[in-house]
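Quick notes on the structure that follows.
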Amino acid sequence: MWTNLIDNAIGAMPNGGTLTVRTSRDGDNLLVEICDTGAGVPPELQQKIFEPFFTTKGVGEGTGLGLDISYRVVTQRHHGDLKVVSSPGDTRFQVRLPIAEPPADLA
């Protein structure tokens, strides 16, 4: 999942740019942001990009499953959230994962 988000960010900057990975605490969640300075994701595509088989890449360049799988891993397996906040030059994929207390025998 992390590799997919980072690969997509790098792919969004074919002529170079800046890739940033930020982490912080957001209430009871860990927030991880994968940020790039590429062209951005148009508002009309921001919800579609998480649908299975949706891709903006050319034929033979992608399956359209990477973000769908990433979304399902975050939301269904880890009970978190994955969303995109994007404008030209500033795209952020935000992954929020609940912070769980360690079991007593590991604390």
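In the structure tokens, chains take letters A, B, ... by order of appearance, with residues numbered from 1 within each chain and ligands from 1 in the order shown.
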Looking only at the backbone, which of the residues in chain A does DSSP tag as alpha helix (DSSP H), as a compact mmCIF listing (two decimals) with N, CA and C atoms, in the first residue's frame?
```txt
# COMPACT_ATOMS: atom_id res chain seq x y z
N TRP A 2 1.87 1.29 0.89
CA TRP A 2 2.75 2.46 0.94
C TRP A 2 3.50 2.61 -0.38
N THR A 3 3.98 1.49 -0.91
CA THR A 3 4.73 1.52 -2.17
C THR A 3 3.86 2.06 -3.29
N ASN A 4 2.60 1.66 -3.33
CA ASN A 4 1.69 2.14 -4.37
C ASN A 4 1.50 3.65 -4.28
N LEU A 5 1.27 4.16 -3.08
CA LEU A 5 1.07 5.60 -2.92
C LEU A 5 2.34 6.38 -3.31
N ILE A 6 3.49 5.87 -2.92
CA ILE A 6 4.75 6.54 -3.26
C ILE A 6 5.03 6.45 -4.75
N ASP A 7 4.82 5.28 -5.35
CA ASP A 7 5.02 5.13 -6.81
C ASP A 7 4.10 6.07 -7.58
N ASN A 8 2.85 6.19 -7.15
CA ASN A 8 1.92 7.11 -7.82
C ASN A 8 2.40 8.55 -7.70
N ALA A 9 2.89 8.92 -6.53
CA ALA A 9 3.38 10.29 -6.33
C ALA A 9 4.57 10.58 -7.24
N ILE A 10 5.48 9.63 -7.33
CA ILE A 10 6.64 9.81 -8.22
C ILE A 10 6.18 9.89 -9.67
N GLY A 11 5.24 9.04 -10.05
CA GLY A 11 4.71 9.06 -11.42
C GLY A 11 3.99 10.35 -11.77
N GLY A 66 -4.49 -0.33 -7.92
CA GLY A 66 -3.60 0.08 -6.83
C GLY A 66 -4.28 0.89 -5.75
N LEU A 67 -4.99 1.95 -6.13
CA LEU A 67 -5.64 2.79 -5.12
C LEU A 67 -6.86 2.10 -4.52
N ASP A 68 -7.54 1.28 -5.31
CA ASP A 68 -8.67 0.51 -4.78
C ASP A 68 -8.18 -0.43 -3.68
N ILE A 69 -7.11 -1.15 -3.96
CA ILE A 69 -6.57 -2.08 -2.96
C ILE A 69 -6.06 -1.32 -1.75
N SER A 70 -5.35 -0.23 -1.99
CA SER A 70 -4.85 0.59 -0.87
C SER A 70 -6.00 1.07 0.01
N TYR A 71 -7.07 1.55 -0.62
CA TYR A 71 -8.23 2.04 0.12
C TYR A 71 -8.84 0.93 0.97
N ARG A 72 -8.99 -0.25 0.37
CA ARG A 72 -9.60 -1.36 1.10
C ARG A 72 -8.72 -1.84 2.25
```
Requested in this report: Quick one: everything within 9 Å of Gly17 in chain A, counting only C-alpha atoms, minus sequence neighbours fewer than 6 positions away in the same chain. Send it as a ChimeraX atom specification.
Outcome: /A:10,36-38,89
Residues at most 10 Å from Arg25 in chain A, counting only C-alpha atoms, excluding those fewer than 3 positions away in the same chain, as a PDB file with C-alpha atoms, in the first residue's frame?
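Okay, out_28.pdb is ready:
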```
ATOM      1  CA  ASP A  28      -6.513   9.035  18.319  1.00  0.00           C
ATOM      2  CA  ASN A  29      -5.068   8.428  14.854  1.00  0.00           C
ATOM      3  CA  LEU A  30      -1.703   8.263  13.176  1.00  0.00           C
ATOM      4  CA  LEU A  31      -1.717  10.512  10.096  1.00  0.00           C
ATOM      5  CA  VAL A  32       0.667   9.670   7.259  1.00  0.00           C
ATOM      6  CA  ARG A  96      -5.334   7.849   9.015  1.00  0.00           C
ATOM      7  CA  LEU A  97      -4.895   4.747  11.138  1.00  0.00           C
ATOM      8  CA  PRO A  98      -6.315   4.305  14.635  1.00  0.00           C
ATOM      9  CA  ILE A  99      -3.711   4.167  17.365  1.00  0.00           C
TER      10      ILE A  99
END
```
Query - Pairwise distance for CA of Met1 in chain A and CA of Glu44 in chain A, rounded to one decimal in Å - result: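 These atoms are spaced 23.5 Å apart.
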Report task. Pick out the residues sitting within 12 Å of Thr55 in chain A, and hand them over as a PyMOL selection string; count only C-alpha atoms, and ignore anything fewer than 4 positions along from it in its own chain. Result -> chain A and resi 8+41+45-46+48-51+59-68
Requested in this report: Work out how far CA of Ser87 in chain A is from CA of Val21 in chain A, in Å to one decimal.
Outcome: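 Computed distance, CA of Val21 in chain A to CA of Ser87 in chain A, equals 17.3 Å.
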Query raised in the report: Skipping near chain neighbours, those fewer than 2 positions away, what residues fall within 12 Å of Asp90 in chain A using only C-alpha atoms, listed as a list in words?
Result: Ala9, Ala12, Met13, Gly17, Thr18, Leu19, Thr20, Glu33, Ile34, Cys35, Asp36, Thr37, Gly38, Ala39, Gly40, Val41, Pro42, Val84, Val85, Ser86, Ser87, Pro88, Arg92 and Phe93 of chain A
Report task. Quick one: pull the distance between CA of His78 in chain A and CA of Lys57 in chain A, Å, one decimal. Result ->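 If I compute the distance from CA of His78 in chain A to CA of Lys57 in chain A, I get 28.1 Å.
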**Report entry** All strand (DSSP E or B) positions in chain A, as a ChimeraX atom specification
**Finding:** /A:19-26,29-36,81-87,90-98
Requested in this report: Check the smallest atom-to-atom distance from each of A:Gln47, A:Thr56, A:Asn15, A:Gln94 to Asp81 in chain A using only C-alpha atoms, then report the winner.
Outcome: A:Gln94
